[in-house]
file start_18.pdb (PDB, C-alpha atoms)
ATOM      1  CA  MET B 106       0.000   0.000   0.000
ATOM      2  CA  ALA B 107       1.518   3.277  -1.088
ATOM      3  CA  LYS B 108       1.976   5.963   1.490
ATOM      4  CA  SER B 109       2.542   9.644   1.164
ATOM      5  CA  ALA B 110       5.835  10.681   2.697
ATOM      6  CA  GLY B 111       4.378  14.036   3.619
ATOM      7  CA  SER B 112       2.529  14.665   6.822
ATOM      8  CA  ALA B 113       0.329  17.679   6.525
ATOM      9  CA  ARG B 114      -0.081  19.902   9.554
ATOM     10  CA  SER B 115      -3.457  21.004  10.807
ATOM     11  CA  ASN B 116      -5.665  22.695   8.239
ATOM     12  CA  ALA B 117      -3.459  21.532   5.382
ATOM     13  CA  SER B 118      -5.057  18.361   4.113
ATOM     14  CA  VAL B 119      -3.488  16.351   1.319
ATOM     15  CA  PHE B 120      -5.548  14.321  -1.077
ATOM     16  CA  ASP B 121      -3.123  12.207  -3.041
ATOM     17  CA  CYS B 122      -5.903  11.188  -5.394
ATOM     18  CA  CYS B 123      -4.740  14.361  -7.129
ATOM     19  CA  ALA B 124      -1.353  14.843  -8.704
ATOM     20  CA  PRO B 125       1.225  16.349  -6.339
ATOM     21  CA  ILE B 126       1.593  20.085  -6.724
ATOM     22  CA  PRO B 127       5.356  20.730  -6.796
ATOM     23  CA  TYR B 128       5.288  24.419  -5.920
ATOM     24  CA  LEU B 129       2.904  23.793  -3.042
ATOM     25  CA  SER B 130       5.021  20.958  -1.718
ATOM     26  CA  ALA B 131       8.129  23.095  -1.959
ATOM     27  CA  ALA B 132       6.408  25.998  -0.264
ATOM     28  CA  LEU B 133       5.357  23.759   2.592
ATOM     29  CA  GLY B 134       8.880  22.408   2.905
ATOM     30  CA  ARG B 135       7.941  18.779   2.517
ATOM     31  CA  ARG B 136       8.506  16.082  -0.035
ATOM     32  CA  VAL B 137       5.476  14.523  -1.687
ATOM     33  CA  MET B 138       6.240  11.134  -3.152
ATOM     34  CA  PRO B 139       4.452  10.013  -6.285
ATOM     35  CA  SER B 140       2.019   7.279  -5.392
ATOM     36  CA  LYS B 141      -0.575   5.213  -7.138
ATOM     37  CA  PRO B 142      -3.936   6.924  -7.346
ATOM     38  CA  SER B 143      -5.964   6.310  -4.213
ATOM     39  CA  ASN B 144      -8.244   8.325  -2.010
ATOM     40  CA  HIS B 145      -5.941   9.193   0.802
ATOM     41  CA  ILE B 146      -5.990  12.063   3.250
ATOM     42  CA  GLU B 147      -3.543  12.760   6.061
ATOM     43  CA  GLN B 148      -3.348  15.475   8.680
ATOM     44  CA  SER B 149      -1.748  16.086  12.060
ATOM     45  CA  PHE B 150      -3.765  17.459  14.955
ATOM     46  CA  LYS B 151      -2.827  19.050  18.236
ATOM     47  CA  LYS B 152      -3.621  16.543  20.985
ATOM     48  CA  ASP B 153      -6.436  18.494  22.579
ATOM     49  CA  PHE B 154     -10.224  18.195  22.713
ATOM     50  CA  ALA B 155     -10.354  21.533  20.910
ATOM     51  CA  SER B 156      -9.120  19.687  17.808
ATOM     52  CA  LEU B 157     -12.333  17.649  17.601
ATOM     53  CA  LYS B 158     -14.039  20.255  15.409
ATOM     54  CA  ASP B 159     -11.130  20.186  12.926
ATOM     55  CA  ILE B 160     -11.166  16.392  12.999
ATOM     56  CA  PHE B 161     -14.884  16.395  12.249
ATOM     57  CA  ASP B 162     -14.256  18.671   9.238
ATOM     58  CA  PHE B 163     -11.336  16.485   8.130
ATOM     59  CA  THR B 164     -13.384  13.272   8.336
ATOM     60  CA  SER B 165     -16.426  14.911   6.752
ATOM     61  CA  ALA B 166     -14.306  15.971   3.777
ATOM     62  CA  PHE B 167     -13.039  12.421   3.390
ATOM     63  CA  VAL B 168     -16.461  10.745   3.466
ATOM     64  CA  ALA B 169     -17.872  13.343   1.076
ATOM     65  CA  THR B 170     -14.993  13.028  -1.387
ATOM     66  CA  ASN B 171     -15.423   9.270  -1.420
ATOM     67  CA  SER B 172     -19.242   9.331  -1.541
ATOM     68  CA  LEU B 173     -19.564   6.961   1.396
ATOM     69  CA  ASP B 174     -23.086   6.057   2.500
ATOM     70  CA  ASP B 175     -24.522   7.677   5.632
ATOM     71  CA  ALA B 176     -24.136   4.685   7.924
ATOM     72  CA  THR B 177     -20.502   4.092   6.923
ATOM     73  CA  ALA B 178     -19.754   7.795   7.183
ATOM     74  CA  PHE B 179     -21.197   7.989  10.688
ATOM     75  CA  SER B 180     -19.263   4.961  11.939
ATOM     76  CA  ILE B 181     -16.000   6.336  10.497
ATOM     77  CA  LYS B 182     -16.552   9.751  12.064
ATOM     78  CA  PHE B 183     -17.448   8.126  15.366
ATOM     79  CA  ALA B 184     -14.437   5.802  15.394
ATOM     80  CA  VAL B 185     -11.959   8.523  14.426
ATOM     81  CA  GLU B 186     -13.204  10.831  17.167
ATOM     82  CA  GLU B 187     -13.209   8.081  19.779
ATOM     83  CA  ILE B 188      -9.654   6.956  19.048
ATOM     84  CA  PHE B 189      -8.393  10.549  19.056
ATOM     85  CA  THR B 190     -10.287  11.286  22.292
ATOM     86  CA  ASN B 191      -8.730   8.209  23.847
ATOM     87  CA  MET B 192      -5.269   9.494  22.937
ATOM     88  CA  VAL B 193      -6.026  12.897  24.469
ATOM     89  CA  LYS B 194      -7.275  11.288  27.667
ATOM     90  CA  TYR B 195      -4.607   8.660  28.206
ATOM     91  CA  ASN B 196      -1.386   9.934  26.660
ATOM     92  CA  PRO B 197      -0.040  13.055  28.422
ATOM     93  CA  LEU B 198       2.728  13.645  25.849
ATOM     94  CA  LYS B 199       1.806  16.748  23.878
ATOM     95  CA  HIS B 200       2.921  15.675  20.425
ATOM     96  CA  ASP B 201       0.513  15.959  17.531
ATOM     97  CA  VAL B 202      -1.479  12.935  16.425
ATOM     98  CA  THR B 203      -1.288  12.087  12.736
ATOM     99  CA  ILE B 204      -4.436  10.613  11.222
ATOM    100  CA  THR B 205      -4.503   8.974   7.804
ATOM    101  CA  LEU B 206      -7.719   7.930   6.085
ATOM    102  CA  ARG B 207      -7.567   5.788   2.993
ATOM    103  CA  LYS B 208     -10.306   4.340   0.835
ATOM    104  CA  GLU B 209      -9.646   1.251  -1.220
ATOM    105  CA  ASP B 210     -12.120  -0.715  -3.324
ATOM    106  CA  GLN B 211     -13.392  -2.925  -0.538
ATOM    107  CA  PHE B 212     -12.594  -1.059   2.651
ATOM    108  CA  VAL B 213     -11.640   2.141   4.410
ATOM    109  CA  ARG B 214      -8.526   2.124   6.558
ATOM    110  CA  MET B 215      -7.921   4.651   9.333
ATOM    111  CA  GLU B 216      -4.491   4.993  10.884
ATOM    112  CA  PHE B 217      -3.476   6.977  13.986
ATOM    113  CA  VAL B 218       0.134   7.592  14.967
ATOM    114  CA  ASP B 219       0.882   9.006  18.406
ATOM    115  CA  VAL B 220       4.227   9.490  20.151
ATOM    116  CA  GLN B 221       3.941   7.360  23.266
ATOM    117  CA  GLU B 222       6.636   5.997  25.556
ATOM    118  CA  ARG B 223       4.830   2.954  26.814
ATOM    119  CA  PRO B 224       2.437   0.769  24.835
ATOM    120  CA  PHE B 225      -1.268   1.238  25.423
ATOM    121  CA  ASP B 226      -2.880  -1.578  23.511
ATOM    122  CA  ILE B 227      -6.524  -0.720  22.984
ATOM    123  CA  THR B 228      -7.229  -4.103  21.426
ATOM    124  CA  VAL B 229      -7.028  -5.711  24.857
ATOM    125  CA  LYS B 230      -9.196  -3.017  26.446
ATOM    126  CA  GLY B 231     -12.779  -1.966  26.089
ATOM    127  CA  ASP B 232     -14.674  -5.004  27.261
ATOM    128  CA  VAL B 233     -17.916  -3.746  28.777
ATOM    129  CA  ASP B 234     -20.694  -5.918  30.127
ATOM    130  CA  THR B 235     -23.638  -4.141  28.560
ATOM    131  CA  ASN B 236     -26.118  -6.576  30.046
ATOM    132  CA  LEU B 237     -25.557  -5.489  33.618
ATOM    133  CA  PRO B 238     -28.447  -3.674  35.307
ATOM    134  CA  ILE B 239     -28.067   0.096  35.490
ATOM    135  CA  GLU B 240     -27.145  -0.041  39.181
ATOM    136  CA  GLN B 241     -24.029  -2.056  38.346
ATOM    137  CA  ARG B 242     -22.997  -0.340  35.108
ATOM    138  CA  LYS B 243     -20.508   2.509  35.088
ATOM    139  CA  PRO B 244     -20.684   5.598  32.854
ATOM    140  CA  GLY B 245     -17.272   5.266  31.179
ATOM    141  CA  GLY B 246     -15.409   2.764  29.067
ATOM    142  CA  LEU B 247     -17.771   2.721  26.120
ATOM    143  CA  GLY B 248     -15.578   4.429  23.520
ATOM    144  CA  ILE B 249     -13.285   1.555  22.543
ATOM    145  CA  PHE B 250     -16.108  -0.924  23.031
ATOM    146  CA  LEU B 251     -18.236   0.922  20.467
ATOM    147  CA  VAL B 252     -15.327   1.326  18.033
ATOM    148  CA  LYS B 253     -14.862  -2.445  18.094
ATOM    149  CA  LYS B 254     -18.583  -2.886  17.441
ATOM    150  CA  MET B 255     -18.535  -0.572  14.433
ATOM    151  CA  MET B 256     -15.226  -1.521  12.827
ATOM    152  CA  ASP B 257     -14.262  -4.819  11.180
ATOM    153  CA  ALA B 258     -10.691  -4.807  12.468
ATOM    154  CA  VAL B 259      -8.799  -2.929  15.183
ATOM    155  CA  GLU B 260      -5.006  -3.342  15.248
ATOM    156  CA  TYR B 261      -2.347  -1.922  17.526
ATOM    157  CA  SER B 262       1.442  -1.768  17.351
ATOM    158  CA  HIS B 263       4.189   0.072  19.228
ATOM    159  CA  ASP B 264       7.672   0.607  17.805
ATOM    160  CA  GLY B 265       9.324   1.803  20.996
ATOM    161  CA  THR B 266       8.437   5.451  20.564
ATOM    162  CA  ARG B 267       5.103   5.557  18.788
ATOM    163  CA  SER B 268       1.729   3.870  19.019
ATOM    164  CA  ARG B 269       0.010   3.033  15.771
ATOM    165  CA  ILE B 270      -3.677   2.162  15.726
ATOM    166  CA  THR B 271      -5.250   0.903  12.521
ATOM    167  CA  LEU B 272      -8.982   0.506  11.980
ATOM    168  CA  THR B 273     -10.562  -1.206   9.013
ATOM    169  CA  LYS B 274     -14.145  -0.801   7.868
ATOM    170  CA  HIS B 275     -15.321  -3.033   5.042
ATOM    171  CA  LEU B 276     -17.554  -1.424   2.454
ATOM    172  CA  GLU B 277     -20.762  -2.998   1.246
ATOM    173  CA  HIS B 278     -21.254  -2.861  -2.503
TER     174      HIS B 278
ATOM    175  CA  MET Z  42     -21.515  23.506  18.893
ATOM    176  CA  PHE Z  43     -23.692  21.796  21.475
ATOM    177  CA  GLU Z  44     -26.774  23.415  22.975
ATOM    178  CA  PHE Z  45     -28.981  22.383  25.901
ATOM    179  CA  ASN Z  46     -32.342  24.090  26.314
ATOM    180  CA  ILE Z  47     -35.480  23.475  28.353
ATOM    181  CA  ASP Z  48     -38.819  24.598  26.924
ATOM    182  CA  GLU Z  49     -41.876  25.867  28.774
ATOM    183  CA  ASN Z  50     -43.173  22.294  29.166
ATOM    184  CA  GLY Z  51     -39.985  21.104  30.808
ATOM    185  CA  GLN Z  52     -38.843  19.187  27.742
ATOM    186  CA  ILE Z  53     -35.077  19.156  27.235
ATOM    187  CA  HIS Z  54     -33.842  19.905  23.719
ATOM    188  CA  LEU Z  55     -30.349  18.875  22.680
ATOM    189  CA  SER Z  56     -28.795  20.224  19.507
ATOM    190  CA  GLY Z  57     -25.502  20.123  17.659
ATOM    191  CA  ARG Z  58     -22.638  17.795  18.496
ATOM    192  CA  LEU Z  59     -22.233  16.283  21.945
ATOM    193  CA  ASP Z  60     -18.596  15.195  21.769
ATOM    194  CA  ALA Z  61     -15.827  15.018  24.385
ATOM    195  CA  SER Z  62     -15.171  18.756  24.116
ATOM    196  CA  GLN Z  63     -18.803  19.500  25.077
ATOM    197  CA  ALA Z  64     -19.301  16.777  27.683
ATOM    198  CA  GLU Z  65     -18.490  19.001  30.661
ATOM    199  CA  LYS Z  66     -20.997  21.613  29.506
ATOM    200  CA  ALA Z  67     -23.638  18.881  29.132
ATOM    201  CA  ARG Z  68     -22.778  17.367  32.509
ATOM    202  CA  LYS Z  69     -23.339  20.689  34.284
ATOM    203  CA  GLU Z  70     -26.754  21.073  32.641
ATOM    204  CA  PHE Z  71     -27.917  17.527  33.304
ATOM    205  CA  GLU Z  72     -26.780  17.768  36.936
ATOM    206  CA  LYS Z  73     -29.521  20.358  37.475
ATOM    207  CA  ILE Z  74     -32.249  17.908  36.467
ATOM    208  CA  THR Z  75     -33.834  16.226  39.470
ATOM    209  CA  ILE Z  76     -37.162  14.901  38.136
ATOM    210  CA  SER Z  77     -38.277  12.839  35.160
ATOM    211  CA  ALA Z  78     -38.060  14.611  31.813
ATOM    212  CA  VAL Z  79     -38.368  14.078  28.098
ATOM    213  CA  VAL Z  80     -35.134  14.637  26.174
ATOM    214  CA  ASN Z  81     -35.677  15.595  22.549
ATOM    215  CA  PHE Z  82     -32.847  14.495  20.233
ATOM    216  CA  LYS Z  83     -34.391  15.963  17.086
ATOM    217  CA  ASP Z  84     -31.601  18.479  16.523
ATOM    218  CA  LEU Z  85     -28.745  16.427  17.955
ATOM    219  CA  GLU Z  86     -26.485  15.485  15.054
ATOM    220  CA  TYR Z  87     -23.897  13.479  16.893
ATOM    221  CA  ILE Z  88     -23.075  11.957  20.262
ATOM    222  CA  SER Z  89     -19.790  10.406  21.339
ATOM    223  CA  SER Z  90     -19.101   7.987  24.176
ATOM    224  CA  ALA Z  91     -18.360  10.990  26.391
ATOM    225  CA  GLY Z  92     -21.886  12.261  25.746
ATOM    226  CA  LEU Z  93     -23.316   8.822  26.389
ATOM    227  CA  GLY Z  94     -21.489   8.809  29.711
ATOM    228  CA  VAL Z  95     -23.063  12.112  30.717
ATOM    229  CA  LEU Z  96     -26.562  10.884  29.924
ATOM    230  CA  PHE Z  97     -25.943   7.573  31.636
ATOM    231  CA  ALA Z  98     -24.679   9.190  34.851
ATOM    232  CA  ALA Z  99     -27.710  11.485  34.969
ATOM    233  CA  GLN Z 100     -30.095   8.595  34.315
ATOM    234  CA  LYS Z 101     -28.485   6.464  36.992
ATOM    235  CA  ARG Z 102     -28.838   9.286  39.501
ATOM    236  CA  LEU Z 103     -32.493   9.845  38.569
ATOM    237  CA  LYS Z 104     -33.299   6.140  38.676
ATOM    238  CA  GLY Z 105     -31.987   6.107  42.224
ATOM    239  CA  ALA Z 106     -34.808   8.533  43.012
ATOM    240  CA  SER Z 107     -37.372   6.569  40.961
ATOM    241  CA  GLN Z 108     -37.198   9.163  38.163
ATOM    242  CA  GLY Z 109     -35.819   8.897  34.637
ATOM    243  CA  PHE Z 110     -35.457  10.245  31.126
ATOM    244  CA  LYS Z 111     -37.537   9.439  28.092
ATOM    245  CA  LEU Z 112     -35.543   9.986  24.892
ATOM    246  CA  ILE Z 113     -37.395  10.939  21.721
ATOM    247  CA  ASN Z 114     -36.689  11.777  18.069
ATOM    248  CA  MET Z 115     -33.249  10.177  17.749
ATOM    249  CA  ASN Z 116     -31.788   9.919  14.293
ATOM    250  CA  GLN Z 117     -31.055   6.394  13.134
ATOM    251  CA  HIS Z 118     -27.283   6.628  13.653
ATOM    252  CA  ILE Z 119     -27.592   7.780  17.247
ATOM    253  CA  ARG Z 120     -30.248   5.127  17.829
ATOM    254  CA  ASP Z 121     -27.767   2.508  16.601
ATOM    255  CA  VAL Z 122     -25.108   3.791  19.007
ATOM    256  CA  PHE Z 123     -27.576   3.506  21.893
ATOM    257  CA  ARG Z 124     -28.455  -0.018  20.796
ATOM    258  CA  TYR Z 125     -24.789  -1.095  20.555
ATOM    259  CA  ALA Z 126     -24.234   0.249  24.067
ATOM    260  CA  ARG Z 127     -27.428  -1.526  25.207
ATOM    261  CA  PHE Z 128     -28.729   1.789  26.431
ATOM    262  CA  ASP Z 129     -32.100   0.635  25.190
ATOM    263  CA  LEU Z 130     -32.111  -1.265  28.501
ATOM    264  CA  VAL Z 131     -31.177   1.854  30.445
ATOM    265  CA  PHE Z 132     -33.475   4.489  28.931
ATOM    266  CA  GLU Z 133     -37.021   4.612  27.677
ATOM    267  CA  ILE Z 134     -36.512   5.395  24.002
ATOM    268  CA  GLU Z 135     -39.352   6.356  21.710
TER     269      GLU Z 135
END

call {"tool": "encode", "arguments": {"input": "start_18.pdb", "output": "structure tokens"}}
result
Amino acid sequence: MAKSAGSARSNASVFDCCAPIPYLSAALGRRVMPSKPSNHIEQSFKKDFASLKDIFDFTSAFVATNSLDDATAFSIKFAVEEIFTNMVKYNPLKHDVTITLRKEDQFVRMEFVDVQERPFDITVKGDVDTNLPIEQRKPGGLGIFLVKKMMDAVEYSHDGTRSRITLTKHLEH
Amino acid sequence: MFEFNIDENGQIHLSGRLDASQAEKARKEFEKITISAVVNFKDLEYISSAGLGVLFAAQKRLKGASQGFKLINMNQHIRDVFRYARFDLVFEIE
């Protein structure tokens, strides 16, 4: 799977479905590698709840560009916000989070990269007993649980300095 | 932008996006509710798990006093989120 070498900062989305624009790339001081045509958008966000509005706009642009149906669009927006929110809540390091959204023929893949010293594997978290009576249920812990419900795959890796979370949502044709 | 309003009949109207950035604002509003009420979701576009947590905490508190919320006019996507979370067992949803 081809990847753009560039990592756009906030409010500077890159759609590599379009040909790279040399003067723009040069002006932004980054190298844009030629890649096979695909619907791919990448942006970095300040790790703060205040970024949620920008993330909503970013994800909305992606689902609109790719003409995704309403249900798929909602689940992608929900999952992206929940994973980002989880990073804000549980990783105190103030580095930006880079989010990449990519549509292929059969699926959408969402990738989150966050500088993090110690692994925080969300794939082993998020089990919630939703059948408990209200007296025994607690308010929190639903975010990752719901992401797992809505996505077809949730993967986690840690390379020693960064956490990488990858979500996959299959598309119905 | 998230908004919380109560009309002259005591019905609560939610609008906009209830995400993690708005959860504290919602929590402060729901904390003021002490008796059963209808919560109208007609203009609520989006709710995250943080918003669900706010509603759940308020419902749990009210249930402890034999009160509770009735949720109406949810869009289908929000209804699905409530169903995944099994909040259909926690709230009366119309």

call {"tool": "closest_atom_pairs", "arguments": {"input": "start_18.pdb", "of": "chain Z", "to": "region 153-175 of chain B", "cutoff": "8 Å", "atoms": "all atoms listed in the file", "output": "Markdown table"}}
result
| residue | atom | partner | partner_atom | distance |
| --- | --- | --- | --- | --- |
| Z:Asp60 | CA | B:Leu157 | CA | 7.9 |
| Z:Ala61 | CA | B:Phe154 | CA | 6.7 |
| Z:Ser62 | CA | B:Phe154 | CA | 5.2 |

call {"tool": "closest_atom_pairs", "arguments": {"input": "start_18.pdb", "of": "chain B", "to": "chain Z", "cutoff": "8 Å", "atoms": "all atoms listed in the file", "output": "CSV"}}
result
residue,atom,partner,partner_atom,distance
B:Phe154,CA,Z:Ser62,CA,5.2
B:Ala155,CA,Z:Ser62,CA,6.4
B:Leu157,CA,Z:Ser62,CA,7.2
B:Ala176,CA,Z:His118,CA,6.8
B:Phe179,CA,Z:His118,CA,6.9
B:Phe183,CA,Z:Ser89,CA,6.8
B:Glu186,CA,Z:Ser89,CA,7.8
B:Glu187,CA,Z:Ser89,CA,7.2
B:Thr190,CA,Z:Ala61,CA,7.0
B:Thr235,CA,Z:Arg127,CA,5.7
B:Asn236,CA,Z:Arg127,CA,7.1
B:Pro238,CA,Z:Val131,CA,7.9
B:Ile239,CA,Z:Val131,CA,6.2
B:Glu240,CA,Z:Lys101,CA,7.0
B:Lys243,CA,Z:Ala98,CA,7.9
B:Pro244,CA,Z:Gly94,CA,4.6
B:Gly245,CA,Z:Gly94,CA,5.7
B:Leu247,CA,Z:Ser90,CA,5.8
B:Gly248,CA,Z:Ser90,CA,5.0
B:Leu251,CA,Z:Tyr125,CA,6.9
B:Lys254,CA,Z:Tyr125,CA,7.2

call {"tool": "atom_distance", "arguments": {"input": "start_18.pdb", "atom1": "CA of Val259 (chain B)", "atom2": "CA of Asn196 (chain B)"}}
result
18.8 Å

call {"tool": "residues_near_point", "arguments": {"input": "start_18.pdb", "point": "(-32.5, 18.4, 37.8)", "cutoff": "12 Å", "atoms": "all atoms listed in the file", "output": "NGL selection string"}}
result
:Z and (47 or 51-53 or 68-78 or 99-100 or 102-103 or 106 or 108-110)

call {"tool": "resolve_selection", "arguments": {"input": "start_18.pdb", "expression": "the PyMOL selection byres ((chain B and resi 220-232) around 12)", "output": "PyMOL selection string"}}
result
(chain B and resi 152+187-188+191-203+217-219+233-236+245-254+258-272) or (chain Z and resi 90+126)

call {"tool": "write_last_selection", "arguments": {"input": "start_18.pdb", "atoms": "C-alpha atoms", "output": "compact mmCIF listing (two decimals), in the coordinates of the input"}}
result
# COMPACT_ATOMS: atom_id res chain seq x y z
CA LYS B 152 -3.62 16.54 20.98
CA GLU B 187 -13.21 8.08 19.78
CA ILE B 188 -9.65 6.96 19.05
CA ASN B 191 -8.73 8.21 23.85
CA MET B 192 -5.27 9.49 22.94
CA VAL B 193 -6.03 12.90 24.47
CA LYS B 194 -7.28 11.29 27.67
CA TYR B 195 -4.61 8.66 28.21
CA ASN B 196 -1.39 9.93 26.66
CA PRO B 197 -0.04 13.06 28.42
CA LEU B 198 2.73 13.64 25.85
CA LYS B 199 1.81 16.75 23.88
CA HIS B 200 2.92 15.68 20.42
CA ASP B 201 0.51 15.96 17.53
CA VAL B 202 -1.48 12.94 16.42
CA THR B 203 -1.29 12.09 12.74
CA PHE B 217 -3.48 6.98 13.99
CA VAL B 218 0.13 7.59 14.97
CA ASP B 219 0.88 9.01 18.41
CA VAL B 233 -17.92 -3.75 28.78
CA ASP B 234 -20.69 -5.92 30.13
CA THR B 235 -23.64 -4.14 28.56
CA ASN B 236 -26.12 -6.58 30.05
CA GLY B 245 -17.27 5.27 31.18
CA GLY B 246 -15.41 2.76 29.07
CA LEU B 247 -17.77 2.72 26.12
CA GLY B 248 -15.58 4.43 23.52
CA ILE B 249 -13.28 1.56 22.54
CA PHE B 250 -16.11 -0.92 23.03
CA LEU B 251 -18.24 0.92 20.47
CA VAL B 252 -15.33 1.33 18.03
CA LYS B 253 -14.86 -2.44 18.09
CA LYS B 254 -18.58 -2.89 17.44
CA ALA B 258 -10.69 -4.81 12.47
CA VAL B 259 -8.80 -2.93 15.18
CA GLU B 260 -5.01 -3.34 15.25
CA TYR B 261 -2.35 -1.92 17.53
CA SER B 262 1.44 -1.77 17.35
CA HIS B 263 4.19 0.07 19.23
CA ASP B 264 7.67 0.61 17.80
CA GLY B 265 9.32 1.80 21.00
CA THR B 266 8.44 5.45 20.56
CA ARG B 267 5.10 5.56 18.79
CA SER B 268 1.73 3.87 19.02
CA ARG B 269 0.01 3.03 15.77
CA ILE B 270 -3.68 2.16 15.73
CA THR B 271 -5.25 0.90 12.52
CA LEU B 272 -8.98 0.51 11.98
CA SER Z 90 -19.10 7.99 24.18
CA ALA Z 126 -24.23 0.25 24.07

call {"tool": "atom_distance", "arguments": {"input": "start_18.pdb", "atom1": "CA of Lys111 (chain Z)", "atom2": "CA of Gln241 (chain B)"}}
result
20.5 Å

call {"tool": "atom_distance", "arguments": {"input": "start_18.pdb", "atom1": "CA of Glu86 (chain Z)", "atom2": "CA of Ala178 (chain B)"}}
result
12.9 Å

call {"tool": "resolve_selection", "arguments": {"input": "start_18.pdb", "expression": "the PyMOL selection byres ((chain Z and resi 54) around 9)", "output": "VMD selection string"}}
result
chain Z and resid 44 to 48 52 to 53 55 to 56 79 to 85

call {"tool": "axis_aligned_box", "arguments": {"input": "start_18.pdb", "around": "region 94-101 of chain Z", "padding_each_side": "4 Å", "output": "lines of an AutoDock Vina configuration file"}}
result
center_x = -25.8
center_y = 9.3
center_z = 33.4
size_x = 16.6
size_y = 13.6
size_z = 15.3

call {"tool": "closest_residue", "arguments": {"input": "start_18.pdb", "among": "B:Ile146, B:Leu276, B:Met215, B:Arg242", "to": "Ala184 (chain B)", "atoms": "only C-alpha atoms"}}
result
B:Met215
